[in-house]
>>> print(open('run-v2.cif').read())   # mmCIF, C-alpha atoms
data_model
loop_
_atom_site.label_atom_id
_atom_site.label_comp_id
_atom_site.auth_asym_id
_atom_site.auth_seq_id
_atom_site.Cartn_x
_atom_site.Cartn_y
_atom_site.Cartn_z
CA MET U 585 65.89 59.13 23.12
CA ARG U 586 68.78 61.56 22.64
CA ARG U 587 66.56 63.94 20.72
CA ASN U 588 63.94 63.84 23.48
CA LEU U 589 66.64 64.48 26.07
CA ALA U 590 67.84 67.49 24.09
CA ILE U 591 64.27 68.81 23.85
CA ALA U 592 63.76 68.37 27.60
CA LEU U 593 66.99 70.15 28.47
CA ALA U 594 66.22 73.00 26.07
CA PHE U 595 62.84 73.64 27.70
CA ALA U 596 64.33 73.31 31.19
CA VAL U 597 66.94 75.95 30.31
CA LEU U 598 64.23 78.19 28.87
CA HIS U 599 62.15 78.04 32.05
CA ALA U 600 65.20 78.49 34.27
CA GLY U 601 66.22 81.51 32.19
CA VAL U 602 62.78 83.10 32.57
CA ALA U 603 62.92 82.63 36.35
CA LEU U 604 66.41 84.12 36.39
CA ALA U 605 65.21 87.13 34.37
CA TYR U 606 62.29 87.76 36.74
CA HIS U 607 64.57 87.29 39.74
CA GLY U 608 66.98 89.91 38.44
CA ASP U 609 64.13 92.27 37.56
CA SER U 610 62.47 92.21 41.00
CA LYS U 611 64.84 94.36 43.07
CA ASP U 612 62.59 97.40 43.08
CA LEU U 613 59.34 95.57 43.71
CA PRO U 614 57.50 96.30 46.96
CA ALA U 615 56.84 93.67 49.61
CA THR U 616 54.32 91.16 48.36
CA TYR U 617 50.96 90.11 49.78
CA PHE U 618 52.59 87.02 51.29
CA TYR U 619 55.64 88.63 52.90
CA PRO U 620 53.99 90.43 55.85
CA ARG U 621 52.14 87.25 56.80
CA ALA U 622 55.20 85.03 56.41
CA HIS U 623 57.27 87.45 58.46
CA ALA U 624 54.67 87.71 61.22
CA ILE U 625 54.26 83.93 61.49
CA ALA U 626 57.97 83.13 61.26
CA HIS U 627 58.97 85.70 63.88
CA GLY U 628 56.12 84.96 66.26
CA THR U 629 54.48 88.38 65.93
CA ASP U 630 51.16 86.74 65.08
CA ALA U 631 49.92 83.19 64.86
CA TYR U 632 48.63 81.71 61.63
CA GLY U 633 45.02 82.35 62.60
CA GLY U 634 45.59 86.02 63.36
CA VAL U 635 47.08 87.34 60.12
CA GLY U 636 44.05 87.21 57.81
CA TYR U 637 45.58 84.42 55.75
CA GLU U 638 43.37 82.76 53.14
CA TYR U 639 45.16 79.46 52.57
CA PRO U 640 45.21 76.16 54.54
CA PRO U 641 48.04 75.26 56.94
CA ALA U 642 49.59 72.93 54.34
CA THR U 643 50.83 76.04 52.52
CA LEU U 644 52.80 77.30 55.54
CA PRO U 645 56.06 75.54 54.55
CA LEU U 646 55.87 77.18 51.12
CA LEU U 647 54.92 80.52 52.69
CA ILE U 648 57.85 80.56 55.09
CA ALA U 649 60.45 78.79 52.91
CA PRO U 650 61.75 82.03 51.28
CA LEU U 651 62.70 83.27 54.78
CA ALA U 652 64.53 80.07 55.68
CA ALA U 653 67.73 81.08 53.87
CA GLY U 654 68.45 83.65 56.58
CA GLY U 655 70.31 86.89 56.01
CA ASP U 656 68.28 89.61 54.36
CA ASP U 657 64.63 89.15 55.32
CA SER U 658 63.26 92.22 53.54
CA GLY U 659 60.20 92.07 51.34
CA GLN U 660 62.35 92.37 48.21
CA ALA U 661 64.56 89.44 49.24
CA TYR U 662 61.47 87.39 50.06
CA HIS U 663 60.03 88.12 46.64
CA GLN U 664 63.24 87.15 44.85
CA ARG U 665 63.54 83.89 46.78
CA THR U 666 59.91 83.09 46.05
CA ILE U 667 60.68 83.38 42.34
CA TRP U 668 63.61 81.03 42.78
CA LEU U 669 61.45 78.54 44.68
CA TYR U 670 58.67 78.36 42.11
CA GLY U 671 61.09 78.74 39.22
CA ALA U 672 62.83 75.58 40.45
CA LEU U 673 59.46 73.84 40.79
CA ASP U 674 58.57 74.90 37.25
CA VAL U 675 61.81 73.35 35.93
CA VAL U 676 61.09 70.18 37.90
CA CYS U 677 57.66 70.05 36.27
CA VAL U 678 59.22 70.37 32.80
CA LEU U 679 61.63 67.53 33.53
CA LEU U 680 58.87 65.40 35.04
CA LEU U 681 56.71 65.84 31.96
CA ALA U 682 59.67 65.00 29.75
CA SER U 683 60.37 61.86 31.79
CA LEU U 684 56.76 60.68 31.59
CA LEU U 685 56.67 61.28 27.82
CA ARG U 686 60.21 60.18 27.03
CA ARG U 687 59.08 57.19 24.95
CA ARG U 688 56.74 59.24 22.82
CA PRO U 689 57.85 60.54 19.40
CA SER U 690 59.88 63.74 19.56
CA GLY U 691 57.13 65.75 17.89
CA GLU U 692 54.64 64.80 20.59
CA LEU U 693 57.08 65.68 23.36
CA LEU U 694 57.74 69.00 21.66
CA LEU U 695 53.99 69.64 21.44
CA ALA U 696 53.43 68.83 25.12
CA LEU U 697 56.32 70.93 26.45
CA GLY U 698 55.59 73.73 24.02
CA LEU U 699 51.96 74.04 25.12
CA TYR U 700 52.98 73.77 28.78
CA SER U 701 55.52 76.55 28.27
CA VAL U 702 52.99 78.84 26.60
CA SER U 703 50.46 78.17 29.34
CA VAL U 704 52.87 78.92 32.18
CA LEU U 705 55.33 81.46 30.84
CA VAL U 706 52.69 83.74 29.34
CA LEU U 707 51.30 84.26 32.85
CA GLY U 708 54.59 85.93 33.70
CA ARG U 709 55.69 86.58 37.26
CA LEU U 710 52.27 85.47 38.50
CA ALA U 711 53.24 81.85 37.87
CA LEU U 712 56.36 82.23 40.01
CA THR U 713 54.87 83.96 43.05
CA ARG U 714 51.84 81.78 43.92
CA PHE U 715 51.30 78.32 45.41
CA ASP U 716 49.20 77.14 42.48
CA LEU U 717 51.97 75.49 40.46
CA ALA U 718 52.67 73.24 43.46
CA ALA U 719 49.04 72.11 43.36
CA GLY U 720 49.38 71.61 39.59
CA VAL U 721 52.38 69.30 40.01
CA ALA U 722 50.50 67.24 42.63
CA ILE U 723 47.53 66.99 40.23
CA LEU U 724 49.89 65.89 37.44
CA ILE U 725 51.26 63.05 39.57
CA ALA U 726 47.72 62.09 40.64
CA GLY U 727 46.81 61.78 36.97
CA ARG U 728 49.94 59.72 36.29
CA CYS U 729 49.02 57.36 39.16
CA ALA U 730 45.38 57.18 38.09
CA ARG U 731 45.28 53.38 38.01
CA SER U 732 46.54 53.16 41.59
CA PRO U 733 43.69 54.53 43.72
CA GLY U 734 45.70 54.93 46.92
CA ARG U 735 48.54 56.88 45.32
CA ALA U 736 46.27 58.90 43.05
CA GLY U 737 44.06 59.83 45.97
CA ALA U 738 47.01 60.79 48.15
CA TRP U 739 48.49 63.11 45.53
CA LEU U 740 45.12 64.66 44.81
CA GLY U 741 44.66 65.05 48.57
CA LEU U 742 47.96 66.94 48.71
CA ALA U 743 46.69 69.31 46.01
CA ALA U 744 43.49 69.72 48.02
CA ALA U 745 45.51 70.46 51.15
CA LEU U 746 47.06 73.40 49.29
CA LYS U 747 43.92 74.49 47.40
CA LEU U 748 40.71 72.84 48.56
CA VAL U 749 38.93 72.83 45.17
CA PRO U 750 40.79 69.80 43.66
CA LEU U 751 39.11 67.59 46.27
CA ALA U 752 35.82 68.09 44.42
CA ALA U 753 37.41 66.45 41.35
CA ALA U 754 38.19 63.20 43.20
CA PRO U 755 34.83 61.50 42.41
CA ALA U 756 35.62 61.76 38.69
CA MET U 757 38.51 59.31 39.18
CA THR U 758 36.50 56.68 41.00
CA ARG U 759 35.47 53.38 39.43
CA ARG U 760 33.79 50.21 40.65
CA GLY U 761 35.90 48.59 43.33
CA MET U 762 38.19 51.57 43.92
CA SER U 763 35.87 54.43 44.89
CA LEU U 764 36.20 54.17 48.66
CA ARG U 765 39.98 53.73 48.63
CA LEU U 766 40.61 56.72 46.37
CA LEU U 767 38.18 59.03 48.15
CA ALA U 768 39.50 57.99 51.56
CA ALA U 769 43.08 58.69 50.50
CA ALA U 770 42.12 62.05 48.97
CA ALA U 771 40.33 63.15 52.14
CA ALA U 772 42.89 61.67 54.53
CA VAL U 773 45.80 63.87 53.43
CA PRO U 774 44.26 67.32 54.10
CA ILE U 775 42.64 66.02 57.30
CA ALA U 776 45.94 64.58 58.52
CA ILE U 777 47.73 67.86 57.81
CA GLN U 778 45.09 69.83 59.71
CA VAL U 779 45.38 67.43 62.68
CA ALA U 780 49.19 67.59 62.58
CA TYR U 781 49.02 71.38 62.61
CA LEU U 782 46.63 71.31 65.58
CA LEU U 783 48.95 69.02 67.54
CA TRP U 784 52.00 71.13 66.66
CA SER U 785 50.57 74.58 67.30
CA GLY U 786 47.54 74.08 69.51
CA GLU U 787 45.55 76.09 66.97
CA VAL U 788 42.71 74.48 65.02
CA GLY U 789 43.92 76.08 61.76
CA LEU U 790 40.53 76.51 60.11
CA SER U 791 40.53 80.29 59.88
CA TRP U 792 40.94 79.99 56.10
CA ILE U 793 37.39 78.58 55.89
CA SER U 794 35.80 81.51 57.72
CA TYR U 795 37.98 83.85 55.65
CA HIS U 796 36.16 82.77 52.49
CA ALA U 797 32.68 82.64 53.99
CA GLY U 798 30.35 85.06 52.22
CA ARG U 799 32.91 86.03 49.59
CA ASP U 800 31.49 87.88 46.59
CA PRO U 801 32.27 86.76 43.00
CA GLU U 802 35.79 87.57 41.89
CA ILE U 803 35.82 90.17 39.14
CA GLU U 804 37.18 87.81 36.46
CA SER U 805 34.57 85.05 36.84
CA TRP U 806 31.47 84.28 34.78
CA ALA U 807 29.38 85.24 37.80
CA ALA U 808 30.98 88.69 37.69
CA VAL U 809 30.42 89.03 33.93
CA LEU U 810 26.72 88.29 34.39
CA ALA U 811 26.60 90.69 37.34
CA ASP U 812 28.10 93.34 35.04
CA ILE U 813 25.29 92.70 32.55
CA ALA U 814 22.70 92.82 35.34
CA ARG U 815 24.10 96.16 36.43
CA ALA U 816 23.68 97.52 32.91
CA LEU U 817 20.05 96.42 33.09
CA GLY U 818 19.49 98.32 36.32
CA ALA U 819 20.55 95.96 39.10
CA ASN U 820 22.52 97.31 42.04
CA ALA U 821 26.17 96.29 41.65
CA GLY U 822 29.56 97.68 42.53
CA THR U 823 33.11 96.52 43.13
CA ALA U 824 35.31 96.29 46.19
CA PHE U 825 38.79 95.02 46.95
CA ASP U 826 38.35 92.25 49.50
CA HIS U 827 39.77 88.80 50.24
CA GLY U 828 42.87 89.68 48.24
CA SER U 829 41.03 90.39 44.98
CA GLN U 830 38.66 92.74 43.22
CA ASN U 831 35.11 91.43 43.65
CA VAL U 832 31.71 92.40 42.30
CA THR U 833 29.28 93.34 45.09
CA GLY U 834 25.51 93.68 45.38
CA GLY U 835 22.52 91.39 45.70
CA ALA U 836 22.62 90.08 42.14
CA ALA U 837 26.35 89.34 42.38
CA ARG U 838 25.91 87.53 45.68
CA TRP U 839 23.18 85.24 44.33
CA LEU U 840 25.11 84.63 41.12
CA GLY U 841 28.15 83.68 43.18
CA ARG U 842 26.16 81.11 45.15
CA PHE U 843 24.61 79.72 41.98
CA PHE U 844 27.94 79.29 40.22
CA ALA U 845 29.55 77.73 43.30
CA LEU U 846 26.83 75.08 43.40
CA ALA U 847 26.90 74.70 39.61
CA SER U 848 30.65 74.03 39.54
CA ILE U 849 30.40 71.26 42.13
CA GLY U 850 27.25 69.89 40.49
CA LEU U 851 28.96 69.68 37.11
CA ALA U 852 31.96 67.88 38.62
CA LEU U 853 29.66 65.33 40.28
CA LEU U 854 27.58 64.90 37.12
CA LEU U 855 30.74 64.30 35.13
CA ALA U 856 31.88 61.73 37.71
CA ARG U 857 28.62 59.84 37.21
CA ARG U 858 28.95 59.93 33.42
CA VAL U 859 32.55 58.76 33.29
CA ARG U 860 31.99 56.03 35.88
CA ARG U 861 29.40 54.49 33.61
CA ALA U 862 31.68 54.77 30.59
CA ASP U 863 34.79 53.55 32.45
CA ALA U 864 36.64 56.50 30.92
CA ASP U 865 40.32 57.43 31.13
CA ARG U 866 40.84 58.42 34.77
CA ALA U 867 43.52 61.05 34.14
CA LEU U 868 41.36 62.67 31.46
CA ALA U 869 38.36 62.52 33.81
CA LEU U 870 40.37 64.28 36.51
CA LEU U 871 41.36 67.07 34.14
CA ALA U 872 37.78 67.37 32.84
CA ALA U 873 36.39 67.71 36.37
CA LEU U 874 38.99 70.32 37.25
CA GLY U 875 38.26 72.16 34.02
CA ALA U 876 34.57 72.38 34.94
CA LEU U 877 35.37 73.46 38.50
CA VAL U 878 37.71 76.24 37.39
CA ALA U 879 35.67 77.50 34.43
CA VAL U 880 32.41 77.84 36.38
CA ALA U 881 33.72 78.82 39.83
CA PRO U 882 32.68 82.22 41.24
CA VAL U 883 36.34 82.85 42.12
CA LEU U 884 38.50 82.54 39.01
CA SER U 885 41.94 83.93 39.70
CA PRO U 886 44.36 83.73 36.75
CA GLN U 887 46.78 81.50 38.64
CA TYR U 888 44.14 78.75 38.90
CA LEU U 889 45.05 77.87 35.31
CA LEU U 890 48.29 76.49 36.75
CA TRP U 891 46.32 73.66 38.34
CA LEU U 892 45.44 72.52 34.83
CA ALA U 893 48.58 73.19 32.78
CA PRO U 894 50.82 70.23 33.81
CA LEU U 895 48.20 67.48 33.41
CA SER U 896 46.85 69.14 30.26
CA ALA U 897 50.35 68.99 28.76
CA LEU U 898 50.76 65.33 29.74
CA LEU U 899 47.56 64.47 27.88
CA ALA U 900 48.32 66.73 24.89
CA PRO U 901 49.74 63.94 22.66
CA ARG U 902 46.38 62.11 22.79
CA TYR U 903 44.08 65.10 23.28
CA PRO U 904 45.76 68.11 21.66
CA LEU U 905 42.62 70.25 21.31
CA GLN U 906 42.13 70.73 25.03
CA ALA U 907 45.80 71.65 25.52
CA VAL U 908 45.66 74.19 22.68
CA LEU U 909 42.51 75.73 24.17
CA LEU U 910 44.14 76.00 27.60
CA ALA U 911 47.24 77.65 26.12
CA LEU U 912 44.99 80.10 24.26
CA THR U 913 43.11 80.78 27.51
CA CYS U 914 46.41 81.66 29.17
CA VAL U 915 47.37 83.97 26.29
CA LEU U 916 44.00 85.74 26.56
CA THR U 917 44.46 85.93 30.33
CA ARG U 918 47.71 87.79 29.76
CA LEU U 919 45.90 90.12 27.37
CA GLU U 920 43.11 90.65 29.88
CA LEU U 921 45.57 91.44 32.68
CA ASP U 922 47.50 93.88 30.52
CA VAL U 923 44.74 95.79 28.72
CA ALA U 924 41.45 95.16 30.54
CA PHE U 925 41.91 94.39 34.22
CA ASP U 926 42.27 97.98 35.43
CA ASP U 927 39.03 98.93 33.65
CA LEU U 928 36.92 96.09 35.00
CA PRO U 929 36.05 97.84 38.31
CA SER U 930 34.68 100.73 36.22
CA PHE U 931 32.50 98.35 34.17
CA HIS U 932 34.02 99.39 30.84
CA TRP U 933 32.38 97.30 28.14
CA SER U 934 35.59 96.84 26.18
CA ALA U 935 37.25 95.32 29.26
CA ILE U 936 34.24 93.11 29.96
CA ALA U 937 34.29 91.92 26.34
CA VAL U 938 37.95 90.87 26.59
CA LEU U 939 37.22 89.06 29.85
CA ALA U 940 34.16 87.34 28.37
CA LEU U 941 36.25 86.15 25.42
CA ARG U 942 38.85 84.66 27.78
CA ASN U 943 36.15 82.96 29.81
CA ALA U 944 34.46 81.64 26.66
CA VAL U 945 37.70 79.96 25.53
CA LEU U 946 38.15 78.50 29.02
CA ALA U 947 34.59 77.18 28.81
CA ALA U 948 35.43 75.66 25.41
CA PHE U 949 38.41 73.94 27.06
CA ALA U 950 36.08 72.44 29.68
CA VAL U 951 33.53 71.39 27.02
CA ALA U 952 36.23 69.78 24.87
CA LEU U 953 37.36 67.73 27.86
CA TRP U 954 33.79 66.80 28.76
CA ARG U 955 33.15 65.54 25.23
CA ALA U 956 36.45 63.66 25.07
CA VAL U 957 36.00 61.90 28.39
CA THR U 958 32.38 60.91 27.76
CA ALA U 959 32.93 59.76 24.16
CA PRO U 960 32.62 56.01 23.49
CA GLY U 961 35.96 54.25 23.94
CA SER U 962 37.59 57.11 25.85
CA GLY U 963 38.88 54.69 28.47
CA THR U 964 40.79 52.47 26.05
CA PRO U 965 43.25 54.54 24.00
CA SER U 966 44.98 52.71 21.17
CA ARG U 967 48.37 53.92 22.43
CA PRO U 968 49.01 54.73 26.09
CA ALA U 969 50.28 58.24 26.78
CA TRP U 970 53.02 56.83 28.99
CA PRO U 971 54.38 53.42 30.03
CA ASP U 972 52.03 51.93 32.62
CA ARG U 973 54.02 50.61 35.58
CA SER U 974 51.22 50.92 38.11
#
>>> encode(input="run-v2.cif", output="structure tokens")
Amino acid sequence: MRRNLAIALAFAVLHAGVALAYHGDSKDLPATYFYPRAHAIAHGTDAYGGVGYEYPPATLPLLIAPLAAGGDDSGQAYHQRTIWLYGALDVVCVLLLASLLRRRPSGELLLALGLYSVSVLVLGRLALTRFDLAAGVAILIAGRCARSPGRAGAWLGLAAALKLVPLAAAPAMTRRGMSLRLLAAAAAVPIAIQVAYLLWSGEVGLSWISYHAGRDPEIESWAAVLADIARALGANAGTAFDHGSQNVTGGAARWLGRFFALASIGLALLLARRVRRADADRALALLAALGALVAVAPVLSPQYLLWLAPLSALLAPRYPLQAVLLALTCVLTRLELDVAFDDLPSFHWSAIAVLALRNAVLAAFAVALWRAVTAPGSGTPSRPAWPDRS
């Protein structure tokens, strides 16, 4: 126990030190994408629905929190406080993982926290300036509570209230006798938050849905890679910065985006059917469904990997391959951001090749999870990954 405590504290200090380093290195950074919107909403210049904001109302407390300290409300101060906020959440996630795995052998705890650290820290400042880690922590707790449908559904619903996509993974956790309760809890949380926002502000708060309507494939997705290939074969395709990201445009890209959107949801539902029959491990099924949703989605921003990293680390002692593949995906994402991203809008083949390699490893992560969760006996591990107090 003392050795595990020492390991946990060492990783917590490491993550706190990284956040501190980024905080101290951010003084000359310009105002972020979030700051103008947070400032306008907090100071009453514009309402939530009038600032072109792409996230649900549940994210508003996180959006405005860096301004709550008062004093300097410049873009630089907002950015630094944002790093502190998500740096603290990152440390909490490390300690939560260590607590859940405290009775495991020290080597397994070291493996889990090591792979989590690689997955998160290699993404750099991106991990400390987006909401996605908050969704990842909620998904982690949902997986931990997998045998309690009400609690698991509520935590997954909280993740869905921040980022809608996790809601599509809820069916993968359902089993006979608990389907309705889990799905109802998962849907109730985002609905309740939307209703609470309506009652508080008088605004419906659904502008984030129309914001994403008709969005083209994001430049780092499989849909975009195939659109790049179609362009090389003569199809009309281009790129444009829209909806906060670089996207591939044109008829082929638009149809590919729709296909992959339907395919991602279809795969998650197919997986839910398969694991329900096999009575598979619910936490593993949740991660597998999320893996399919992220890997195949037409919008694949790098920070979406943060939805997966905490639960992937929790399951690493029993399923190390998937956690290694996710960590490798994050490393390749860092490589893609550093050496290929700027060349993607110009359709440079070297950049597309790096991106395709990253996406292939992410697909391998999803396939490894699919195989693990549908394998015979996947629901009855010989040793539980954590003490079951549900």
>>> resolve_selection(input="run-v2.cif", expression="the PyMOL selection byres ((chain U and resi 866) around 12)", output="PyMOL selection string")
chain U and resi 726-733+736-737+753-759+762-763+766+855-856+859-860+862-865+867-873+895+899+956-958+962-965
>>> residues_around(input="run-v2.cif", residues="Ser703 in chain U", least_positions_apart="5", cutoff="9 Å", atoms="only C-alpha atoms", output="number ranges by chain")
U: 698, 889-890, 893, 907, 910-915
>>> closest_residue(input="run-v2.cif", among="U:Ala752, U:Leu909, U:Ala719, U:Ile936", to="Ala852 in chain U", atoms="only C-alpha atoms")
U:Ala752
>>> atom_distance(input="run-v2.cif", atom1="CA of Tyr632 in chain U", atom2="CA of Val749 in chain U")
21.1 Å
>>> axis_aligned_box(input="run-v2.cif", around="range 626-641 of chain U", padding_each_side="8 Å", output="lines of an AutoDock Vina configuration file")
center_x = 51.2
center_y = 81.8
center_z = 59.4
size_x = 31.6
size_y = 29.1
size_z = 29.7
>>> closest_residue(input="run-v2.cif", among="U:Ala952, U:Pro960, U:Pro882, U:Ala821", to="Phe931 in chain U", atoms="all atoms listed in the file")
U:Ala821
>>> closest_residue(input="run-v2.cif", among="U:His663, U:Arg586, U:Arg686, U:His627", to="Leu898 in chain U", atoms="all atoms listed in the file")
U:Arg686
>>> resolve_selection(input="run-v2.cif", expression="the PyMOL selection byres ((chain U and resi 671) around 10)", output="list in words")
His599, Ala600, Gly601, Val602, Ala603, Leu604, Tyr606, His607, Arg665, Thr666, Ile667, Trp668, Leu669, Tyr670, Ala672, Leu673, Asp674, Val675, Val676, Cys677, Arg709, Ala711, Leu712, Thr713 and Leu717 of chain U
